[in-house]
$ cat coords02.txt   # compact mmCIF, C-alpha atoms and all ligand atoms
# COMPACT_ATOMS: atom_id res chain seq x y z
CA MET A 1 -1.68 24.58 184.60
CA ILE A 2 -4.01 22.33 186.60
CA ASP A 3 -6.44 25.28 186.74
CA GLN A 4 -6.53 25.49 182.94
CA GLU A 5 -6.99 21.74 182.52
CA MET A 6 -9.83 21.68 185.01
CA LYS A 7 -11.37 24.76 183.40
CA GLN A 8 -11.31 23.02 180.03
CA ALA A 9 -12.88 19.92 181.57
CA VAL A 10 -15.84 21.81 183.06
CA LEU A 11 -16.30 23.94 179.93
CA ASP A 12 -16.33 20.82 177.72
CA GLY A 13 -18.63 19.10 180.19
CA PHE A 14 -20.96 22.08 180.14
CA ALA A 15 -21.14 22.10 176.31
CA LYS A 16 -21.79 18.36 176.26
CA GLU A 17 -24.48 18.43 178.95
CA PHE A 18 -26.22 21.67 178.08
CA GLY A 19 -25.63 22.14 174.33
CA ASP A 20 -23.09 25.00 174.26
CA ASN A 21 -20.89 26.98 176.63
CA GLU A 22 -21.48 30.50 175.34
CA GLY A 23 -21.07 33.09 178.13
CA VAL A 24 -20.16 30.46 180.74
CA LYS A 25 -17.75 31.49 183.52
CA CYS A 26 -15.41 29.24 185.43
CA TYR A 27 -14.88 29.30 189.20
CA PHE A 28 -12.77 27.54 191.83
CA ALA A 29 -12.95 27.09 195.61
CA PRO A 30 -10.37 25.18 197.65
CA GLY A 31 -10.53 22.30 200.08
CA ARG A 32 -8.69 22.66 203.36
CA VAL A 33 -6.50 20.84 205.79
CA ASN A 34 -6.52 21.66 209.48
CA LEU A 35 -3.07 21.72 211.06
CA ILE A 36 -4.31 21.77 214.66
CA GLY A 37 -7.45 22.68 216.64
CA GLU A 38 -9.85 19.80 215.95
CA HIS A 39 -13.46 19.74 217.14
CA THR A 40 -12.91 23.13 218.72
CA ASP A 41 -14.77 25.21 216.14
CA TYR A 42 -18.27 24.49 217.44
CA ASN A 43 -17.01 25.11 220.98
CA GLY A 44 -15.98 28.71 220.43
CA GLY A 45 -12.30 27.73 220.40
CA HIS A 46 -9.40 28.30 218.01
CA VAL A 47 -8.53 26.45 214.82
CA PHE A 48 -5.55 26.60 212.48
CA PRO A 49 -6.50 25.41 208.99
CA CYS A 50 -5.17 26.30 205.56
CA ALA A 51 -6.78 26.26 202.14
CA LEU A 52 -5.27 23.87 199.63
CA THR A 53 -4.41 24.23 195.96
CA ILE A 54 -6.85 21.36 195.31
CA GLY A 55 -10.58 21.98 195.40
CA THR A 56 -13.67 22.12 193.23
CA TYR A 57 -14.14 23.85 189.86
CA ALA A 58 -17.40 24.95 188.27
CA ALA A 59 -18.65 26.21 184.93
CA ALA A 60 -21.89 28.13 185.41
CA ARG A 61 -24.39 30.29 183.54
CA LYS A 62 -27.64 31.97 184.46
CA ARG A 63 -30.87 30.84 182.87
CA THR A 64 -33.96 32.82 181.97
CA ASP A 65 -36.46 30.56 183.80
CA ARG A 66 -36.52 29.24 187.39
CA VAL A 67 -34.85 25.91 186.63
CA MET A 68 -31.48 24.87 188.11
CA ARG A 69 -29.51 22.02 186.54
CA PHE A 70 -26.42 20.47 188.12
CA VAL A 71 -23.89 17.93 186.84
CA SER A 72 -20.79 16.60 188.59
CA LEU A 73 -18.15 15.18 186.30
CA ASN A 74 -16.85 13.13 189.22
CA PHE A 75 -19.91 10.86 189.33
CA ASP A 76 -21.82 9.10 186.59
CA GLY A 77 -25.52 9.70 186.83
CA SER A 78 -24.99 12.81 188.89
CA ARG A 79 -27.24 15.07 186.81
CA ARG A 80 -30.11 16.65 188.73
CA GLU A 81 -32.72 19.18 187.70
CA THR A 82 -34.61 21.27 190.20
CA SER A 83 -36.22 24.66 190.53
CA LEU A 84 -35.93 27.74 192.69
CA ASP A 85 -39.47 26.91 193.81
CA ASP A 86 -38.34 23.53 195.13
CA LEU A 87 -35.72 24.31 197.77
CA VAL A 88 -36.67 21.53 200.20
CA PRO A 89 -33.95 20.64 202.73
CA ASN A 90 -32.28 17.24 202.70
CA ASP A 91 -34.26 15.74 199.82
CA PRO A 92 -32.74 12.27 199.35
CA LYS A 93 -33.49 12.42 195.62
CA ALA A 94 -31.33 15.53 195.30
CA GLY A 95 -28.19 13.63 196.42
CA TRP A 96 -25.05 15.73 196.20
CA THR A 97 -27.00 18.72 194.83
CA ASN A 98 -28.32 19.36 198.34
CA TYR A 99 -25.05 21.26 198.85
CA PRO A 100 -25.47 23.79 196.00
CA LYS A 101 -29.24 23.91 196.58
CA GLY A 102 -28.60 24.60 200.28
CA VAL A 103 -26.40 27.55 199.34
CA VAL A 104 -29.10 29.06 197.12
CA TRP A 105 -31.58 28.49 199.97
CA ALA A 106 -29.22 30.27 202.41
CA PHE A 107 -28.92 33.28 200.08
CA GLU A 108 -32.71 33.47 199.77
CA LYS A 109 -33.11 33.18 203.54
CA ARG A 110 -30.95 36.31 203.82
CA GLY A 111 -33.23 38.18 201.42
CA MET A 112 -31.07 37.68 198.32
CA LYS A 113 -33.58 36.15 195.94
CA LEU A 114 -32.54 34.64 192.64
CA GLU A 115 -35.09 35.65 190.00
CA THR A 116 -33.83 33.03 187.57
CA GLY A 117 -32.03 29.72 187.93
CA PHE A 118 -28.67 28.60 186.55
CA ASP A 119 -26.85 25.63 185.04
CA MET A 120 -23.67 24.41 186.70
CA VAL A 121 -21.15 21.68 185.92
CA ILE A 122 -18.53 20.86 188.53
CA ILE A 123 -15.42 18.76 188.89
CA GLY A 124 -13.32 18.32 192.01
CA ASN A 125 -9.77 17.10 192.60
CA ILE A 126 -10.15 16.62 196.35
CA PRO A 127 -10.49 13.00 197.37
CA ASN A 128 -14.17 12.77 198.27
CA GLY A 129 -15.29 12.31 201.85
CA SER A 130 -11.66 12.23 202.97
CA GLY A 131 -11.89 14.98 205.56
CA LEU A 132 -10.36 17.64 203.29
CA SER A 133 -13.75 19.31 203.07
CA SER A 134 -14.93 18.72 199.57
CA SER A 135 -18.39 19.65 200.86
CA ALA A 136 -17.27 23.06 202.15
CA SER A 137 -15.39 23.67 198.93
CA LEU A 138 -18.57 22.91 196.97
CA GLU A 139 -20.59 25.26 199.17
CA VAL A 140 -18.10 28.12 198.93
CA LEU A 141 -17.77 27.51 195.18
CA THR A 142 -21.53 27.75 194.71
CA GLY A 143 -21.72 30.86 196.89
CA PHE A 144 -18.88 32.52 195.01
CA ALA A 145 -20.45 31.71 191.62
CA VAL A 146 -23.89 32.91 192.73
CA ARG A 147 -22.43 36.17 194.07
CA ASP A 148 -20.62 36.73 190.79
CA MET A 149 -23.56 35.85 188.52
CA TYR A 150 -26.27 37.70 190.47
CA GLY A 151 -24.18 40.58 191.84
CA PHE A 152 -25.08 40.04 195.52
CA ASP A 153 -23.28 42.25 198.00
CA VAL A 154 -21.64 39.72 200.33
CA THR A 155 -18.09 39.30 201.57
CA ASN A 156 -16.06 36.10 201.45
CA GLN A 157 -16.65 35.80 205.18
CA ASP A 158 -20.41 35.91 204.47
CA LEU A 159 -19.89 33.13 201.92
CA ALA A 160 -18.42 31.01 204.72
CA LEU A 161 -21.47 31.64 206.92
CA ILE A 162 -23.83 30.94 204.03
CA GLY A 163 -22.00 27.66 203.34
CA GLN A 164 -22.17 26.65 206.99
CA ASP A 165 -25.88 27.47 207.09
CA ALA A 166 -26.37 25.24 204.03
CA GLU A 167 -24.42 22.40 205.64
CA ASN A 168 -26.13 22.72 209.05
CA ASN A 169 -29.69 23.52 208.13
CA PHE A 170 -30.14 22.13 204.63
CA ASN A 171 -27.85 19.08 204.78
CA GLY A 172 -28.17 18.21 208.46
CA CYS A 173 -24.52 18.17 209.49
CA ASN A 174 -23.92 20.40 212.51
CA CYS A 175 -20.38 21.36 211.55
CA GLY A 176 -18.70 24.46 212.93
CA ILE A 177 -17.44 27.34 210.81
CA MET A 178 -13.87 26.14 210.22
CA ASP A 179 -14.19 24.35 206.89
CA GLN A 180 -16.14 27.02 205.06
CA PHE A 181 -14.04 29.79 206.60
CA ALA A 182 -10.78 28.14 205.52
CA SER A 183 -12.07 27.68 201.98
CA ALA A 184 -13.55 31.18 201.66
CA MET A 185 -10.65 33.05 203.30
CA GLY A 186 -7.67 30.98 202.15
CA LYS A 187 -4.34 32.63 201.37
CA LYS A 188 -1.38 31.07 199.59
CA ASP A 189 1.36 29.84 201.95
CA ASN A 190 -0.58 30.96 205.02
CA ALA A 191 -2.57 29.16 207.67
CA ILE A 192 -5.56 30.91 209.24
CA PHE A 193 -5.50 31.36 213.00
CA LEU A 194 -9.21 31.74 213.65
CA ASP A 195 -11.03 32.40 216.89
CA THR A 196 -14.40 30.81 216.23
CA ALA A 197 -15.95 32.70 219.16
CA ASP A 198 -16.00 35.99 217.23
CA LEU A 199 -14.47 35.11 213.84
CA SER A 200 -11.44 37.32 214.48
CA PHE A 201 -8.46 35.88 212.63
CA ASP A 202 -4.87 36.32 211.60
CA TYR A 203 -2.90 34.85 208.74
CA ALA A 204 0.24 33.00 209.81
CA PRO A 205 2.88 32.43 207.12
CA ILE A 206 3.91 28.79 206.82
CA HIS A 207 7.50 28.50 205.67
CA LEU A 208 8.34 24.84 205.62
CA ASP A 209 11.91 25.02 204.39
CA GLY A 210 13.00 21.52 203.53
CA MET A 211 9.68 19.98 204.59
CA LYS A 212 6.31 19.18 203.11
CA ILE A 213 2.76 18.78 204.30
CA VAL A 214 1.74 15.20 203.58
CA VAL A 215 -1.90 14.18 203.74
CA THR A 216 -2.53 10.45 204.05
CA ASN A 217 -5.96 9.06 203.24
CA THR A 218 -7.18 6.00 205.17
CA ASN A 219 -9.48 5.20 202.22
CA LYS A 220 -11.95 3.93 204.79
CA LYS A 221 -15.32 3.59 203.12
CA HIS A 222 -18.10 3.22 205.64
CA LYS A 223 -18.17 6.03 208.14
CA LEU A 224 -20.89 7.36 210.37
CA THR A 225 -19.37 10.79 210.37
CA ASP A 226 -22.49 12.92 210.53
CA SER A 227 -24.28 11.04 213.32
CA GLN A 228 -21.11 10.68 215.42
CA TYR A 229 -20.18 14.29 214.74
CA ASN A 230 -23.57 15.51 215.87
CA ALA A 231 -23.34 13.29 218.98
CA ARG A 232 -20.00 14.87 219.97
CA ARG A 233 -21.45 18.29 219.46
CA SER A 234 -24.44 17.51 221.69
CA ALA A 235 -22.15 16.16 224.42
CA CYS A 236 -20.15 19.39 224.38
CA GLU A 237 -23.31 21.51 224.41
CA HIS A 238 -24.62 19.69 227.45
CA ALA A 239 -21.26 19.92 229.23
CA LEU A 240 -21.21 23.64 228.46
CA SER A 241 -24.66 24.20 229.92
CA GLN A 242 -23.50 22.60 233.18
CA MET A 243 -20.22 24.56 233.22
CA GLN A 244 -22.24 27.75 232.73
CA THR A 245 -23.86 27.17 236.13
CA VAL A 246 -20.44 27.84 237.71
CA CYS A 247 -18.50 29.90 235.15
CA ASP A 248 -19.40 32.98 233.12
CA ILE A 249 -18.60 31.57 229.66
CA LYS A 250 -20.17 31.49 226.21
CA GLY A 251 -18.33 28.41 224.96
CA LEU A 252 -15.95 25.75 226.24
CA GLY A 253 -13.27 27.61 224.28
CA ASP A 254 -13.50 30.44 226.84
CA LEU A 255 -12.13 28.18 229.58
CA SER A 256 -8.46 28.04 230.49
CA ILE A 257 -7.17 24.64 231.53
CA GLU A 258 -6.98 25.89 235.14
CA GLU A 259 -10.61 27.05 235.13
CA PHE A 260 -11.73 23.77 233.60
CA GLU A 261 -9.86 21.68 236.16
CA ALA A 262 -11.21 23.79 239.02
CA HIS A 263 -14.85 23.49 237.96
CA LYS A 264 -15.08 20.31 235.88
CA ASP A 265 -17.14 18.48 238.51
CA ALA A 266 -20.08 20.63 237.46
CA ILE A 267 -20.25 18.27 234.45
CA THR A 268 -22.08 15.30 235.93
CA ASP A 269 -21.67 12.79 233.11
CA ASP A 270 -18.21 11.17 233.06
CA ASP A 271 -18.11 10.81 229.31
CA GLU A 272 -19.23 14.38 228.67
CA ARG A 273 -16.56 15.64 231.08
CA VAL A 274 -13.89 13.83 229.05
CA LYS A 275 -15.26 15.22 225.78
CA ALA A 276 -15.23 18.74 227.23
CA ARG A 277 -11.67 18.18 228.42
CA HIS A 278 -10.61 17.58 224.83
CA ALA A 279 -12.24 20.81 223.69
CA VAL A 280 -10.49 22.86 226.40
CA TYR A 281 -7.05 21.25 226.11
CA GLU A 282 -7.14 21.23 222.30
CA ASN A 283 -7.89 24.93 222.31
CA GLN A 284 -4.84 25.55 224.51
CA ARG A 285 -2.70 23.31 222.28
CA THR A 286 -3.75 25.39 219.28
CA LEU A 287 -2.72 28.64 220.99
CA ASP A 288 0.59 27.05 222.00
CA ALA A 289 1.18 25.64 218.52
CA VAL A 290 0.69 29.01 216.83
CA ALA A 291 3.03 30.62 219.37
CA ALA A 292 5.61 27.89 218.70
CA LEU A 293 5.33 28.42 214.96
CA LYS A 294 5.78 32.18 215.34
CA ALA A 295 8.87 31.50 217.46
CA GLY A 296 10.23 29.22 214.73
CA ASP A 297 9.97 26.17 217.00
CA LEU A 298 8.65 23.60 214.56
CA GLU A 299 9.62 20.74 216.78
CA LYS A 300 7.25 21.95 219.47
CA PHE A 301 4.57 22.49 216.83
CA GLY A 302 4.97 18.85 215.80
CA GLN A 303 4.77 17.59 219.37
CA LEU A 304 1.52 19.49 219.83
CA MET A 305 0.15 17.91 216.63
CA ASN A 306 0.96 14.48 218.06
CA ALA A 307 -0.64 15.37 221.41
CA SER A 308 -3.73 16.53 219.54
CA HIS A 309 -4.07 13.11 217.95
CA VAL A 310 -3.71 11.38 221.32
CA SER A 311 -6.48 13.53 222.78
CA LEU A 312 -8.73 12.88 219.75
CA ARG A 313 -8.03 9.16 220.18
CA ASP A 314 -8.32 8.81 223.94
CA ASP A 315 -10.61 11.60 225.08
CA TYR A 316 -12.72 12.54 222.09
CA ASP A 317 -12.87 9.03 220.63
CA VAL A 318 -13.09 10.05 216.98
CA THR A 319 -10.07 8.28 215.46
CA GLY A 320 -10.46 4.52 214.95
CA ILE A 321 -7.85 1.93 214.06
CA GLU A 322 -7.19 3.31 210.58
CA LEU A 323 -6.30 6.86 211.65
CA ASP A 324 -4.46 5.58 214.73
CA THR A 325 -2.33 3.25 212.64
CA LEU A 326 -1.38 6.07 210.26
CA ALA A 327 -0.47 8.51 213.04
CA GLU A 328 1.28 6.03 215.31
CA GLU A 329 3.36 4.59 212.46
CA ALA A 330 4.26 8.11 211.31
CA TRP A 331 5.55 8.99 214.79
CA LYS A 332 8.10 6.15 214.48
CA VAL A 333 9.68 7.52 211.29
CA ASP A 334 12.77 9.75 211.57
CA GLY A 335 12.20 13.12 209.95
CA VAL A 336 8.49 13.32 210.78
CA ILE A 337 7.91 16.58 212.65
CA GLY A 338 4.33 15.74 213.65
CA SER A 339 1.34 13.74 212.53
CA ARG A 340 -2.33 13.71 213.48
CA MET A 341 -5.79 13.02 212.19
CA THR A 342 -7.39 16.02 210.49
CA GLY A 343 -11.05 16.84 209.93
CA GLY A 344 -13.99 15.22 211.67
CA GLY A 345 -12.38 11.81 212.11
CA PHE A 346 -13.69 8.20 212.00
CA GLY A 347 -11.72 7.76 208.78
CA GLY A 348 -10.57 10.43 206.37
CA CYS A 349 -7.00 11.65 206.50
CA THR A 350 -4.03 12.38 208.68
CA VAL A 351 -1.85 15.44 208.18
CA SER A 352 1.89 15.11 208.71
CA ILE A 353 4.82 17.50 208.43
CA VAL A 354 7.71 15.55 206.99
CA LYS A 355 11.29 16.51 206.10
CA ASP A 356 11.98 16.25 202.37
CA GLU A 357 14.63 13.58 202.77
CA ALA A 358 12.30 11.43 204.90
CA ILE A 359 9.29 11.42 202.57
CA ASP A 360 10.16 8.21 200.72
CA ASP A 361 10.86 6.42 203.98
CA PHE A 362 7.62 7.77 205.44
CA LYS A 363 5.53 6.53 202.53
CA GLU A 364 7.19 3.14 202.51
CA LYS A 365 7.01 2.45 206.23
CA VAL A 366 3.62 3.91 206.96
CA GLY A 367 2.16 2.45 203.76
CA LYS A 368 3.40 -1.05 204.53
CA ALA A 369 2.37 -1.04 208.19
CA TYR A 370 -1.07 0.23 207.21
CA LYS A 371 -1.62 -2.42 204.55
CA ASP A 372 -0.43 -5.16 206.90
CA LYS A 373 -2.76 -4.10 209.68
CA ILE A 374 -5.81 -2.78 207.84
CA GLY A 375 -5.74 -4.96 204.74
CA TYR A 376 -5.89 -2.28 202.03
CA ASP A 377 -3.73 0.64 200.93
CA CYS A 378 -3.67 4.19 202.18
CA THR A 379 -2.92 7.02 199.72
CA PHE A 380 -0.38 9.83 200.13
CA TYR A 381 -0.74 13.37 198.80
CA ILE A 382 1.82 16.12 199.10
CA VAL A 383 -0.31 19.24 199.39
CA SER A 384 0.37 22.95 198.99
CA ILE A 385 -1.36 25.87 200.65
CA GLY A 386 -3.34 27.93 198.15
CA ASP A 387 -5.64 30.93 197.81
CA GLY A 388 -9.38 31.17 198.43
CA PRO A 389 -12.17 31.12 195.83
CA ARG A 390 -11.68 32.86 192.50
CA VAL A 391 -12.72 33.19 188.89
CA ILE A 392 -10.54 31.07 186.63
CA GLU A 393 -9.75 33.34 183.67
P1 LIG A 401 -15.64 16.00 203.00
O1 LIG A 401 -16.28 17.34 203.10
O2 LIG A 401 -14.73 15.71 204.12
O3 LIG A 401 -14.96 15.77 201.68
P2 LIG A 401 -18.34 15.15 203.24
O4 LIG A 401 -18.96 13.82 203.45
O5 LIG A 401 -18.65 16.26 204.18
O6 LIG A 401 -16.78 14.91 203.11
O7 LIG A 401 -18.72 15.69 201.80
C1 LIG A 401 -18.64 14.85 200.67
C2 LIG A 401 -19.90 15.05 199.87
O8 LIG A 401 -19.85 16.33 199.21
C3 LIG A 401 -20.06 14.04 198.75
O9 LIG A 401 -20.69 12.87 199.21
C4 LIG A 401 -20.92 14.82 197.78
O10 LIG A 401 -22.28 14.79 198.18
C5 LIG A 401 -20.43 16.24 197.93
N1 LIG A 401 -19.37 16.54 196.94
C6 LIG A 401 -18.16 17.02 197.19
N2 LIG A 401 -17.44 17.17 196.05
C7 LIG A 401 -18.24 16.78 195.05
C8 LIG A 401 -18.08 16.68 193.62
N3 LIG A 401 -16.95 17.03 193.01
N4 LIG A 401 -19.14 16.23 192.92
C9 LIG A 401 -20.28 15.89 193.53
N5 LIG A 401 -20.47 15.94 194.85
C10 LIG A 401 -19.48 16.38 195.61
MG MG A 402 -17.58 17.92 204.66

$ encode --input "coords02.txt" --output "C-alpha cells"
Amino acid sequence: MIDQEMKQAVLDGFAKEFGDNEGVKCYFAPGRVNLIGEHTDYNGGHVFPCALTIGTYAAARKRTDRVMRFVSLNFDGSRRETSLDDLVPNDPKAGWTNYPKGVVWAFEKRGMKLETGFDMVIIGNIPNGSGLSSSASLEVLTGFAVRDMYGFDVTNQDLALIGQDAENNFNGCNCGIMDQFASAMGKKDNAIFLDTADLSFDYAPIHLDGMKIVVTNTNKKHKLTDSQYNARRSACEHALSQMQTVCDIKGLGDLSIEEFEAHKDAITDDDERVKARHAVYENQRTLDAVAALKAGDLEKFGQLMNASHVSLRDDYDVTGIELDTLAEEAWKVDGVIGSRMTGGGFGGCTVSIVKDEAIDDFKEKVGKAYKDKIGYDCTFYIVSIGDGPRVIE
C-alpha cells in the first residue's frame, strides 16, 4: 500500500518536473537499523543490521544526451542538473545529488560507462540524517536503478560496494560497508550477520513474538558526524598499525578479547587504546548476541545491546546527552528487552526491543524524560524488517 502511494508520488513528481512520465520505472531501496555491532564495520569486525520497510523511492528514465537531472520531493529547491562529463567529487553546489552522482562515478570507475544520462525523481520516508542510513538507501537505490536501466552485470553485493565507494570517495565520509550492505542485501524478517573482514554473511530470522523494534529519534539537529566519524576511524587505524607490530592481524576485528588484553600496551596512546578496546569488545558482543538469539535467549541479547551502548558512551565516546538520555531512560522501563544507540552516533536514533504491552509506557516515560532534560521532543517509530532493493511494479 505504502509502496503504491510512494510510487504514485514519484511518478506524479516526474511528470510535473520533466513534462511526462512515459516509460518511467519505479524503484525502492531500504534504510537499515543496526541491532548490534557498532563502529566495527571499518575494523574488520561483525555487524548485525536489518533492512527496514522504509527507504527511498525513485522514478527514473534514460535520456538520449549526456545530461542527468535529479529532483527530491523531500526538499524544496532540490532540483539539480549535471552531466556525465561533470562527475567532480564533493561539489558543494551539487548538494544531495553528490550521492547519486557518486554512484554513477563509481560505476564508471569500474569500467561501466553510461553513454547517456537519465532523469530521476526521488522521495524517501526515512527520517533524514537520523542514523537509519538514508544516504546508503539513496546510493543503493541509484545503483539498482542504473543497473536496471543500463543492463550492467553487477550483483546486489557489488551495489553495496559501489555505494560505499560513492560515500567514501565522492562524498568524503569514510563509512564501512555495513549500511550499503544491509540495504542491498536486506531480507524480510531477517537480520544480516555480516563479517566485514571478508563479507561472508548469514541471515538470522528475527521472530519477535509479542515484541516490536522501536526506533527513537533524538531529533538533534547540529551534528559533526562525518568529521567525528573519520576521527574515530583514524584512531582505530593507528591503533591497528601498532597492534600489528605484535600480532598477525588484518583488522582489530581479528583480535579476541584475550589477545587484545595481552598485547594492548603496544598501543601507545591512551585514548586510541580505549577506542580499540571498544572495537574488540563490541565485536565479541556481536558474536555473543547472535549466539544468544539463535539459542532463543532474548534477554541476553537485550543485555548485550545495553552493554554496547555503555561501551559506545564510555569508551568510544560517540553518544552524547541526547542518545544517553534515550537509552538510559529506556533501561528503566519494565518490558524493555534492550536499548542502544544505532548508527554512527552523536545524535540520530536509538533502537529498542520492547514488549507489546510496554510500548505505551515506554513512549510516555522516555518521551517525557527526554523533553524534560533536552528541551524538545523525541520521535518514536515502530519499524519492520523488510526486503532489499526492488522494482515497484
Ligand atoms: P543518514 O544516512 O543517517 O540518514 P546522512 O547524513 O549520512 O544520514 O545522509 C543524509 C543525507 O543523504 C541528506 O543530507 C541528503 O544529502 C541525502 N538524502 C537522503 N535521503 C534523501 C532524500 N530523500 N532526498 C534528498 N536527499 C537525501
Ligand atoms: Mg548516512

$ closest_residue --input "coords02.txt" --among "A:Glu108, A:Asp119, A:Asp195, A:Asp85" --to "A:Pro49" --atoms "only C-alpha atoms"
A:Asp195

$ residues_around --input "coords02.txt" --residues "stretch 322-325 of chain A" --least-positions-apart "6" --cutoff "9 Å" --atoms "all atoms listed in the file" --output "list in words"
Asn217, Thr218, Asn219, Lys220, His309, Val310, Arg313, Arg340, Met341, Gly345, Phe346, Gly347, Gly348, Cys349, Thr350, Val366, Ala369, Tyr370, Lys373 and Ile374 of chain A

$ axis_aligned_box --input "coords02.txt" --around "stretch 180-188 of chain A" --padding-each-side "4 Å" --output "AutoDock Vina command-line options"
--center_x -8.8 --center_y 30.0 --center_z 203.1 --size_x 22.8 --size_y 14.0 --size_z 15.0

$ residues_near_point --input "coords02.txt" --point "(2.9, 21.1, 211.4)" --cutoff "10 Å" --atoms "only C-alpha atoms" --output "MDAnalysis selection string"
chainID A and resid 34:36 206 208 211:214 289:290 293 298:306 336:340 351:354

$ residues_near_ligand --input "coords02.txt" --ligand "ligand LIG 401 (chain A)" --cutoff "10 Å" --atoms "all atoms listed in the file" --output "PDB file with C-alpha atoms, in the coordinates of the input"
ATOM      1  CA  GLY A  31     -10.530  22.300 200.080  1.00  0.00           C
ATOM      2  CA  ARG A  32      -8.690  22.660 203.360  1.00  0.00           C
ATOM      3  CA  VAL A  33      -6.500  20.840 205.790  1.00  0.00           C
ATOM      4  CA  GLY A  55     -10.580  21.980 195.400  1.00  0.00           C
ATOM      5  CA  THR A  56     -13.670  22.120 193.230  1.00  0.00           C
ATOM      6  CA  TYR A  57     -14.140  23.850 189.860  1.00  0.00           C
ATOM      7  CA  ALA A  58     -17.400  24.950 188.270  1.00  0.00           C
ATOM      8  CA  PHE A  70     -26.420  20.470 188.120  1.00  0.00           C
ATOM      9  CA  VAL A  71     -23.890  17.930 186.840  1.00  0.00           C
ATOM     10  CA  SER A  72     -20.790  16.600 188.590  1.00  0.00           C
ATOM     11  CA  LEU A  73     -18.150  15.180 186.300  1.00  0.00           C
ATOM     12  CA  ASN A  74     -16.850  13.130 189.220  1.00  0.00           C
ATOM     13  CA  PHE A  75     -19.910  10.860 189.330  1.00  0.00           C
ATOM     14  CA  ASP A  76     -21.820   9.100 186.590  1.00  0.00           C
ATOM     15  CA  SER A  78     -24.990  12.810 188.890  1.00  0.00           C
ATOM     16  CA  ARG A  79     -27.240  15.070 186.810  1.00  0.00           C
ATOM     17  CA  ALA A  94     -31.330  15.530 195.300  1.00  0.00           C
ATOM     18  CA  GLY A  95     -28.190  13.630 196.420  1.00  0.00           C
ATOM     19  CA  TRP A  96     -25.050  15.730 196.200  1.00  0.00           C
ATOM     20  CA  THR A  97     -27.000  18.720 194.830  1.00  0.00           C
ATOM     21  CA  ASN A  98     -28.320  19.360 198.340  1.00  0.00           C
ATOM     22  CA  TYR A  99     -25.050  21.260 198.850  1.00  0.00           C
ATOM     23  CA  PRO A 100     -25.470  23.790 196.000  1.00  0.00           C
ATOM     24  CA  VAL A 121     -21.150  21.680 185.920  1.00  0.00           C
ATOM     25  CA  ILE A 122     -18.530  20.860 188.530  1.00  0.00           C
ATOM     26  CA  ILE A 123     -15.420  18.760 188.890  1.00  0.00           C
ATOM     27  CA  GLY A 124     -13.320  18.320 192.010  1.00  0.00           C
ATOM     28  CA  ASN A 125      -9.770  17.100 192.600  1.00  0.00           C
ATOM     29  CA  ILE A 126     -10.150  16.620 196.350  1.00  0.00           C
ATOM     30  CA  PRO A 127     -10.490  13.000 197.370  1.00  0.00           C
ATOM     31  CA  ASN A 128     -14.170  12.770 198.270  1.00  0.00           C
ATOM     32  CA  GLY A 129     -15.290  12.310 201.850  1.00  0.00           C
ATOM     33  CA  SER A 130     -11.660  12.230 202.970  1.00  0.00           C
ATOM     34  CA  GLY A 131     -11.890  14.980 205.560  1.00  0.00           C
ATOM     35  CA  LEU A 132     -10.360  17.640 203.290  1.00  0.00           C
ATOM     36  CA  SER A 133     -13.750  19.310 203.070  1.00  0.00           C
ATOM     37  CA  SER A 134     -14.930  18.720 199.570  1.00  0.00           C
ATOM     38  CA  SER A 135     -18.390  19.650 200.860  1.00  0.00           C
ATOM     39  CA  ALA A 136     -17.270  23.060 202.150  1.00  0.00           C
ATOM     40  CA  SER A 137     -15.390  23.670 198.930  1.00  0.00           C
ATOM     41  CA  LEU A 138     -18.570  22.910 196.970  1.00  0.00           C
ATOM     42  CA  GLU A 139     -20.590  25.260 199.170  1.00  0.00           C
ATOM     43  CA  GLU A 167     -24.420  22.400 205.640  1.00  0.00           C
ATOM     44  CA  ASN A 171     -27.850  19.080 204.780  1.00  0.00           C
ATOM     45  CA  CYS A 173     -24.520  18.170 209.490  1.00  0.00           C
ATOM     46  CA  CYS A 175     -20.380  21.360 211.550  1.00  0.00           C
ATOM     47  CA  ASP A 179     -14.190  24.350 206.890  1.00  0.00           C
ATOM     48  CA  GLN A 180     -16.140  27.020 205.060  1.00  0.00           C
ATOM     49  CA  LYS A 223     -18.170   6.030 208.140  1.00  0.00           C
ATOM     50  CA  LEU A 224     -20.890   7.360 210.370  1.00  0.00           C
ATOM     51  CA  THR A 225     -19.370  10.790 210.370  1.00  0.00           C
ATOM     52  CA  ASP A 226     -22.490  12.920 210.530  1.00  0.00           C
ATOM     53  CA  THR A 342      -7.390  16.020 210.490  1.00  0.00           C
ATOM     54  CA  GLY A 343     -11.050  16.840 209.930  1.00  0.00           C
ATOM     55  CA  GLY A 344     -13.990  15.220 211.670  1.00  0.00           C
ATOM     56  CA  GLY A 345     -12.380  11.810 212.110  1.00  0.00           C
ATOM     57  CA  GLY A 347     -11.720   7.760 208.780  1.00  0.00           C
ATOM     58  CA  GLY A 348     -10.570  10.430 206.370  1.00  0.00           C
ATOM     59  CA  CYS A 349      -7.000  11.650 206.500  1.00  0.00           C
TER      60      CYS A 349
END

$ closest_residue --input "coords02.txt" --among "A:Tyr381, A:Phe201, A:Phe14, A:Tyr229" --to "ligand MG 402 (chain A)" --atoms "all atoms listed in the file"
A:Tyr229

$ closest_residue --input "coords02.txt" --among "A:Thr64, A:Thr53, A:Asn169, A:Gln8" --to "A:Gly186" --atoms "only C-alpha atoms"
A:Thr53

$ atom_distance --input "coords02.txt" --atom1 "atom CA of A:Ile385" --atom2 "atom CA of A:Leu11"
25.6 Å

$ closest_residue --input "coords02.txt" --among "A:Leu287, A:Ala106, A:Met120, A:Leu87" --to "A:Phe18" --atoms "all atoms listed in the file"
A:Met120
